[in-house]
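**Q** File start_15.pdb follows (PDB, C-alpha atoms, pLDDT in the B column):
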```pdb
MODEL        1
ATOM      1  CA  MET L  28      34.467  -3.128   1.726  1.00 57.00           C
ATOM      2  CA  GLY L  29      34.075   0.150   3.633  1.00 67.00           C
ATOM      3  CA  ARG L  30      30.660   1.099   2.231  1.00 78.00           C
ATOM      4  CA  HIS L  31      27.568   1.188   4.381  1.00 85.00           C
ATOM      5  CA  PHE L  32      24.574   0.186   2.314  1.00 89.00           C
ATOM      6  CA  GLY L  33      22.020   1.074   4.979  1.00 89.00           C
ATOM      7  CA  ASN L  34      22.419   4.800   4.485  1.00 91.00           C
ATOM      8  CA  TYR L  35      21.951   4.490   0.714  1.00 91.00           C
ATOM      9  CA  ILE L  36      18.880   2.292   1.201  1.00 92.00           C
ATOM     10  CA  ARG L  37      17.467   4.867   3.642  1.00 93.00           C
ATOM     11  CA  ILE L  38      18.095   7.699   1.153  1.00 94.00           C
ATOM     12  CA  LEU L  39      16.451   5.777  -1.712  1.00 94.00           C
ATOM     13  CA  HIS L  40      13.487   4.939   0.514  1.00 93.00           C
ATOM     14  CA  GLY L  41      13.212   8.602   1.492  1.00 94.00           C
ATOM     15  CA  CYS L  42      13.163   9.675  -2.156  1.00 94.00           C
ATOM     16  CA  THR L  43      10.414   7.238  -3.117  1.00 94.00           C
ATOM     17  CA  ASP L  44       8.482   7.805   0.109  1.00 92.00           C
ATOM     18  CA  GLN L  45       8.431  11.560  -0.505  1.00 93.00           C
ATOM     19  CA  ILE L  46       6.911  11.065  -3.966  1.00 93.00           C
ATOM     20  CA  MET L  47       4.327   8.572  -2.716  1.00 92.00           C
ATOM     21  CA  SER L  48       3.401  10.670   0.328  1.00 92.00           C
ATOM     22  CA  ALA L  49       2.785  13.693  -1.888  1.00 93.00           C
ATOM     23  CA  ALA L  50       0.569  11.657  -4.219  1.00 91.00           C
ATOM     24  CA  VAL L  51      -1.421  10.253  -1.290  1.00 92.00           C
ATOM     25  CA  ALA L  52      -1.746  13.687   0.328  1.00 91.00           C
ATOM     26  CA  ARG L  53      -3.132  15.150  -2.925  1.00 91.00           C
ATOM     27  CA  MET L  54      -6.019  12.706  -2.548  1.00 90.00           C
ATOM     28  CA  GLU L  55      -6.394  13.728   1.124  1.00 91.00           C
ATOM     29  CA  LEU L  56      -5.446  10.337   2.547  1.00 94.00           C
ATOM     30  CA  THR L  57      -2.950   9.294   5.182  1.00 92.00           C
ATOM     31  CA  PRO L  58      -0.277   6.690   4.395  1.00 90.00           C
ATOM     32  CA  VAL L  59      -2.091   3.984   6.379  1.00 93.00           C
ATOM     33  CA  GLN L  60      -5.395   4.789   4.649  1.00 95.00           C
ATOM     34  CA  SER L  61      -3.539   4.493   1.346  1.00 94.00           C
ATOM     35  CA  ARG L  62      -2.190   1.047   2.228  1.00 93.00           C
ATOM     36  CA  VAL L  63      -5.654  -0.121   3.272  1.00 96.00           C
ATOM     37  CA  MET L  64      -7.029   1.175  -0.033  1.00 96.00           C
ATOM     38  CA  GLY L  65      -4.338  -0.779  -1.891  1.00 94.00           C
ATOM     39  CA  TYR L  66      -5.258  -3.934  -0.002  1.00 96.00           C
ATOM     40  CA  LEU L  67      -8.970  -3.471  -0.733  1.00 97.00           C
ATOM     41  CA  ALA L  68      -8.307  -2.806  -4.419  1.00 95.00           C
ATOM     42  CA  HIS L  69      -6.252  -5.966  -4.904  1.00 93.00           C
ATOM     43  CA  ARG L  70      -8.625  -8.447  -3.301  1.00 94.00           C
ATOM     44  CA  LYS L  71     -10.667 -10.777  -5.486  1.00 93.00           C
ATOM     45  CA  GLU L  72     -13.646 -10.534  -3.133  1.00 93.00           C
ATOM     46  CA  PRO L  73     -14.707  -7.496  -1.098  1.00 95.00           C
ATOM     47  CA  ALA L  74     -13.153  -7.538   2.376  1.00 96.00           C
ATOM     48  CA  CYS L  75     -14.782  -7.071   5.733  1.00 95.00           C
ATOM     49  CA  ALA L  76     -13.210  -5.158   8.622  1.00 95.00           C
ATOM     50  CA  LYS L  77     -11.887  -8.374  10.193  1.00 94.00           C
ATOM     51  CA  ASP L  78      -9.891  -9.093   7.016  1.00 96.00           C
ATOM     52  CA  VAL L  79      -8.231  -5.668   7.275  1.00 97.00           C
ATOM     53  CA  GLU L  80      -7.458  -6.243  10.974  1.00 96.00           C
ATOM     54  CA  THR L  81      -5.802  -9.571  10.185  1.00 96.00           C
ATOM     55  CA  GLU L  82      -3.840  -8.336   7.150  1.00 94.00           C
ATOM     56  CA  PHE L  83      -2.369  -5.311   8.904  1.00 94.00           C
ATOM     57  CA  GLY L  84      -2.231  -6.565  12.486  1.00 94.00           C
ATOM     58  CA  LEU L  85      -4.425  -3.663  13.575  1.00 95.00           C
ATOM     59  CA  THR L  86      -6.944  -3.507  16.394  1.00 96.00           C
ATOM     60  CA  HIS L  87     -10.664  -3.363  15.728  1.00 95.00           C
ATOM     61  CA  PRO L  88     -10.995   0.277  16.905  1.00 96.00           C
ATOM     62  CA  THR L  89      -8.102   1.344  14.650  1.00 96.00           C
ATOM     63  CA  VAL L  90      -9.590  -0.369  11.596  1.00 97.00           C
ATOM     64  CA  SER L  91     -13.044   1.016  12.379  1.00 96.00           C
ATOM     65  CA  GLY L  92     -11.577   4.527  12.447  1.00 97.00           C
ATOM     66  CA  ILE L  93      -9.667   4.071   9.198  1.00 97.00           C
ATOM     67  CA  LEU L  94     -12.675   2.632   7.372  1.00 98.00           C
ATOM     68  CA  SER L  95     -15.047   5.223   8.806  1.00 97.00           C
ATOM     69  CA  ARG L  96     -12.839   8.037   7.504  1.00 97.00           C
ATOM     70  CA  LEU L  97     -12.545   6.360   4.097  1.00 98.00           C
ATOM     71  CA  GLU L  98     -16.333   6.085   3.981  1.00 98.00           C
ATOM     72  CA  LYS L  99     -16.793   9.761   4.969  1.00 97.00           C
ATOM     73  CA  LYS L 100     -14.365  10.768   2.210  1.00 96.00           C
ATOM     74  CA  GLN L 101     -16.408   8.622  -0.221  1.00 97.00           C
ATOM     75  CA  PHE L 102     -13.621   6.204  -1.130  1.00 97.00           C
ATOM     76  CA  VAL L 103     -15.524   3.130   0.099  1.00 98.00           C
ATOM     77  CA  GLU L 104     -18.985   2.012   1.096  1.00 97.00           C
ATOM     78  CA  PHE L 105     -20.257  -0.835   3.245  1.00 97.00           C
ATOM     79  CA  ARG L 106     -22.839  -3.361   2.127  1.00 95.00           C
ATOM     80  CA  PRO L 107     -24.233  -6.293   4.089  1.00 94.00           C
ATOM     81  CA  ASP L 108     -22.812  -9.706   3.248  1.00 91.00           C
ATOM     82  CA  PRO L 109     -25.696 -11.792   1.865  1.00 89.00           C
ATOM     83  CA  THR L 110     -24.465 -14.966   3.614  1.00 90.00           C
ATOM     84  CA  ASP L 111     -23.130 -13.549   6.908  1.00 87.00           C
ATOM     85  CA  ARG L 112     -25.267 -10.892   8.558  1.00 84.00           C
ATOM     86  CA  ARG L 113     -22.457 -10.068  11.038  1.00 86.00           C
ATOM     87  CA  CYS L 114     -20.158  -8.876   8.251  1.00 89.00           C
ATOM     88  CA  LYS L 115     -20.399  -5.743   6.164  1.00 94.00           C
ATOM     89  CA  ARG L 116     -18.357  -5.977   2.978  1.00 96.00           C
ATOM     90  CA  ILE L 117     -16.229  -3.027   1.875  1.00 97.00           C
ATOM     91  CA  TYR L 118     -16.611  -1.861  -1.722  1.00 97.00           C
ATOM     92  CA  LEU L 119     -14.543   0.755  -3.536  1.00 97.00           C
ATOM     93  CA  LEU L 120     -16.517   3.690  -4.854  1.00 97.00           C
ATOM     94  CA  PRO L 121     -15.508   5.558  -8.038  1.00 97.00           C
ATOM     95  CA  LYS L 122     -13.297   7.908  -5.998  1.00 96.00           C
ATOM     96  CA  GLY L 123     -11.571   4.856  -4.473  1.00 96.00           C
ATOM     97  CA  ARG L 124     -10.974   3.300  -7.892  1.00 95.00           C
ATOM     98  CA  GLU L 125      -9.620   6.635  -9.155  1.00 95.00           C
ATOM     99  CA  PHE L 126      -7.234   6.737  -6.201  1.00 95.00           C
ATOM    100  CA  THR L 127      -5.859   3.256  -6.890  1.00 94.00           C
ATOM    101  CA  GLU L 128      -5.388   4.087 -10.585  1.00 95.00           C
ATOM    102  CA  ARG L 129      -3.502   7.291  -9.711  1.00 93.00           C
ATOM    103  CA  ILE L 130      -1.301   5.482  -7.195  1.00 93.00           C
ATOM    104  CA  HIS L 131      -0.493   2.729  -9.696  1.00 93.00           C
ATOM    105  CA  ARG L 132       0.536   5.400 -12.220  1.00 94.00           C
ATOM    106  CA  THR L 133       2.669   7.142  -9.576  1.00 94.00           C
ATOM    107  CA  ILE L 134       4.363   3.871  -8.635  1.00 93.00           C
ATOM    108  CA  ALA L 135       5.093   3.072 -12.289  1.00 95.00           C
ATOM    109  CA  GLU L 136       6.461   6.566 -12.943  1.00 95.00           C
ATOM    110  CA  THR L 137       8.607   6.450  -9.789  1.00 95.00           C
ATOM    111  CA  GLU L 138      10.062   3.056 -10.638  1.00 95.00           C
ATOM    112  CA  THR L 139      10.755   4.161 -14.211  1.00 96.00           C
ATOM    113  CA  GLN L 140      12.558   7.243 -12.910  1.00 96.00           C
ATOM    114  CA  MET L 141      14.550   5.153 -10.422  1.00 95.00           C
ATOM    115  CA  VAL L 142      16.072   2.951 -13.125  1.00 96.00           C
ATOM    116  CA  GLN L 143      15.883   5.390 -16.059  1.00 96.00           C
ATOM    117  CA  ASP L 144      19.496   4.987 -17.165  1.00 96.00           C
ATOM    118  CA  PHE L 145      19.789   1.269 -16.340  1.00 97.00           C
ATOM    119  CA  THR L 146      20.144  -1.266 -19.129  1.00 97.00           C
ATOM    120  CA  ASP L 147      17.638  -4.123 -19.178  1.00 96.00           C
ATOM    121  CA  ALA L 148      20.330  -6.411 -17.749  1.00 97.00           C
ATOM    122  CA  GLU L 149      21.050  -3.912 -14.936  1.00 97.00           C
ATOM    123  CA  LYS L 150      17.334  -3.654 -14.119  1.00 96.00           C
ATOM    124  CA  GLU L 151      17.129  -7.431 -13.827  1.00 96.00           C
ATOM    125  CA  GLN L 152      20.291  -7.556 -11.711  1.00 97.00           C
ATOM    126  CA  PHE L 153      19.000  -4.729  -9.470  1.00 95.00           C
ATOM    127  CA  PHE L 154      15.746  -6.629  -8.897  1.00 94.00           C
ATOM    128  CA  THR L 155      17.606  -9.881  -8.201  1.00 95.00           C
ATOM    129  CA  LEU L 156      19.939  -8.209  -5.701  1.00 94.00           C
ATOM    130  CA  LEU L 157      17.101  -6.410  -3.922  1.00 92.00           C
ATOM    131  CA  THR L 158      15.065  -9.587  -3.515  1.00 93.00           C
ATOM    132  CA  ARG L 159      18.116 -11.512  -2.312  1.00 94.00           C
ATOM    133  CA  ALA L 160      18.944  -8.788   0.255  1.00 92.00           C
ATOM    134  CA  ILE L 161      15.363  -8.888   1.554  1.00 91.00           C
ATOM    135  CA  THR L 162      15.522 -12.672   1.867  1.00 92.00           C
ATOM    136  CA  ASN L 163      18.922 -12.470   3.587  1.00 94.00           C
ATOM    137  CA  MET L 164      17.356 -10.195   6.206  1.00 90.00           C
ATOM    138  CA  GLY L 165      14.562 -12.686   6.908  1.00 91.00           C
ATOM    139  CA  GLY L 166      11.944 -10.904   4.843  1.00 88.00           C
ATOM    140  CA  ASP L 167       9.676 -12.163   2.126  1.00 86.00           C
ATOM    141  CA  PRO L 168      10.053 -10.093  -1.051  1.00 83.00           C
ATOM    142  CA  CYS L 169       6.551 -11.136  -2.120  1.00 81.00           C
ATOM    143  CA  HIS L 170       4.743  -9.932   1.000  1.00 67.00           C
ATOM    144  CA  ARG L 171       5.349  -6.834   3.043  1.00 58.00           C
ATOM    145  CA  LYS L 172       4.775  -7.148   6.766  1.00 54.00           C
ATOM    146  CA  HIS L 173       2.404  -4.458   7.967  1.00 49.00           C
ATOM    147  CA  LYS L 174       2.528  -2.817  11.351  1.00 46.00           C
ATOM    148  CA  GLU L 175       0.074  -0.717  13.275  1.00 42.00           C
ATOM    149  CA  GLU L 176       0.490   3.007  12.873  1.00 44.00           C
ATOM    150  CA  PRO L 177      -1.349   5.850  14.479  1.00 43.00           C
ATOM    151  CA  THR L 178      -4.228   7.205  12.415  1.00 43.00           C
ATOM    152  CA  LYS L 179      -5.423  10.741  11.889  1.00 44.00           C
TER     153      LYS L 179
ENDMDL
END
```
Written as structure tokens, that's how I'd like the structure from this file.
**A**
Amino acid sequence: MGRHFGNYIRILHGCTDQIMSAAVARMELTPVQSRVMGYLAHRKEPACAKDVETEFGLTHPTVSGILSRLEKKQFVEFRPDPTDRRCKRIYLLPKGREFTERIHRTIAETETQMVQDFTDAEKEQFFTLLTRAITNMGGDPCHRKHKEEPTK
């Protein structure tokens, strides 16, 4: 076919990543702090640090640093678990909820912009092809694999 899709995928990722990074930076968070905030916001029950470690494959010291900085910036607070004294549950504060709302709006706006001149059928086809490509590469389109990143 002569086309190399990887470069186009990298360019598209760069475009969306630039928008998301700017939105996260405006709230004075790092990308990894942002992903942890997203995880905390989407849980049914408040997480504890061990849950974050497991979800992201991060070490205890790394998670402690991330959560400590989020607490200092007043995005989260810790409260003792009433049934397990060893665990402190992580709760979003108003600033944390505001962050997740802003990020959701940014994601929606970015995705709308990405497919702005697509027909409904093209949007559906685009989604189908993306999910199939992810599956072909051994990924799970429903769950992103996290990896440890350095924190600031």
**Q** On this structure, which residues satisfy the PyMOL selection byres ((chain L and resi 93-102) around 12), written as a short mmCIF file (atom, residue, chain, number, x, y, z; two decimals) with C-alpha atoms, in the coordinates of the input?
**A**
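Done, and the output landed in expr-v2.cif:
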```
data_model
loop_
_atom_site.label_atom_id
_atom_site.label_comp_id
_atom_site.auth_asym_id
_atom_site.auth_seq_id
_atom_site.Cartn_x
_atom_site.Cartn_y
_atom_site.Cartn_z
CA MET L 54 -6.02 12.71 -2.55
CA GLU L 55 -6.39 13.73 1.12
CA LEU L 56 -5.45 10.34 2.55
CA THR L 57 -2.95 9.29 5.18
CA PRO L 58 -0.28 6.69 4.39
CA VAL L 59 -2.09 3.98 6.38
CA GLN L 60 -5.40 4.79 4.65
CA SER L 61 -3.54 4.49 1.35
CA ARG L 62 -2.19 1.05 2.23
CA VAL L 63 -5.65 -0.12 3.27
CA MET L 64 -7.03 1.18 -0.03
CA GLY L 65 -4.34 -0.78 -1.89
CA LEU L 67 -8.97 -3.47 -0.73
CA ALA L 68 -8.31 -2.81 -4.42
CA ALA L 74 -13.15 -7.54 2.38
CA CYS L 75 -14.78 -7.07 5.73
CA ALA L 76 -13.21 -5.16 8.62
CA LYS L 77 -11.89 -8.37 10.19
CA VAL L 79 -8.23 -5.67 7.28
CA GLU L 80 -7.46 -6.24 10.97
CA PHE L 83 -2.37 -5.31 8.90
CA LEU L 85 -4.42 -3.66 13.58
CA THR L 86 -6.94 -3.51 16.39
CA HIS L 87 -10.66 -3.36 15.73
CA PRO L 88 -11.00 0.28 16.90
CA THR L 89 -8.10 1.34 14.65
CA VAL L 90 -9.59 -0.37 11.60
CA SER L 91 -13.04 1.02 12.38
CA GLY L 92 -11.58 4.53 12.45
CA VAL L 103 -15.52 3.13 0.10
CA GLU L 104 -18.98 2.01 1.10
CA PHE L 105 -20.26 -0.84 3.24
CA ARG L 106 -22.84 -3.36 2.13
CA LYS L 115 -20.40 -5.74 6.16
CA ARG L 116 -18.36 -5.98 2.98
CA ILE L 117 -16.23 -3.03 1.88
CA TYR L 118 -16.61 -1.86 -1.72
CA LEU L 119 -14.54 0.76 -3.54
CA LEU L 120 -16.52 3.69 -4.85
CA PRO L 121 -15.51 5.56 -8.04
CA LYS L 122 -13.30 7.91 -6.00
CA GLY L 123 -11.57 4.86 -4.47
CA ARG L 124 -10.97 3.30 -7.89
CA GLU L 125 -9.62 6.64 -9.15
CA PHE L 126 -7.23 6.74 -6.20
CA THR L 127 -5.86 3.26 -6.89
CA GLU L 175 0.07 -0.72 13.28
CA GLU L 176 0.49 3.01 12.87
CA PRO L 177 -1.35 5.85 14.48
CA THR L 178 -4.23 7.20 12.42
CA LYS L 179 -5.42 10.74 11.89
#
```
**Q** What does the structure give for the distance between atom CA of L:His131 and atom CA of L:Gln143, in Å to one decimal?
**A** 17.8 Å
**Q** Evaluating the PyMOL selection byres ((chain L and resi 47) around 12) on the displayed file yields which residues, as a PyMOL selection string?
**A** chain L and resi 40-46+48-54+56-58+61-62+129-138
**Q** In Å, rounded to a single decimal, give me how far atom CA of L:Pro73 is from atom CA of L:Pro107.
**A**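 If I compute the distance from atom CA of L:Pro107 to atom CA of L:Pro73, I get 10.9 Å.
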**Q** Expressed in Å to a single decimal, how great is the separation between atom CA of L:Thr139 and atom CA of L:Thr162?
**A**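 The value is 23.8 Å.
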**Q** Might I get the box with edges along x, y and z of the file that holds all atoms of stretch 135-153 of chain L listed there, padded by 4 Å on every side, given as centre and edge lengths in Å to one decimal, as AutoDock Vina command-line options?
**A**
```
--center_x 13.1 --center_y -0.2 --center_z -14.3 --size_x 24.0 --size_y 22.8 --size_z 17.7
```
**Q** Determine the residue set returned by the PyMOL selection byres ((chain L and resi 153-161) around 12) for the present structure, and present it as a PyMOL selection string.
**A** chain L and resi 32-33+36+138+141-142+145-152+162-172
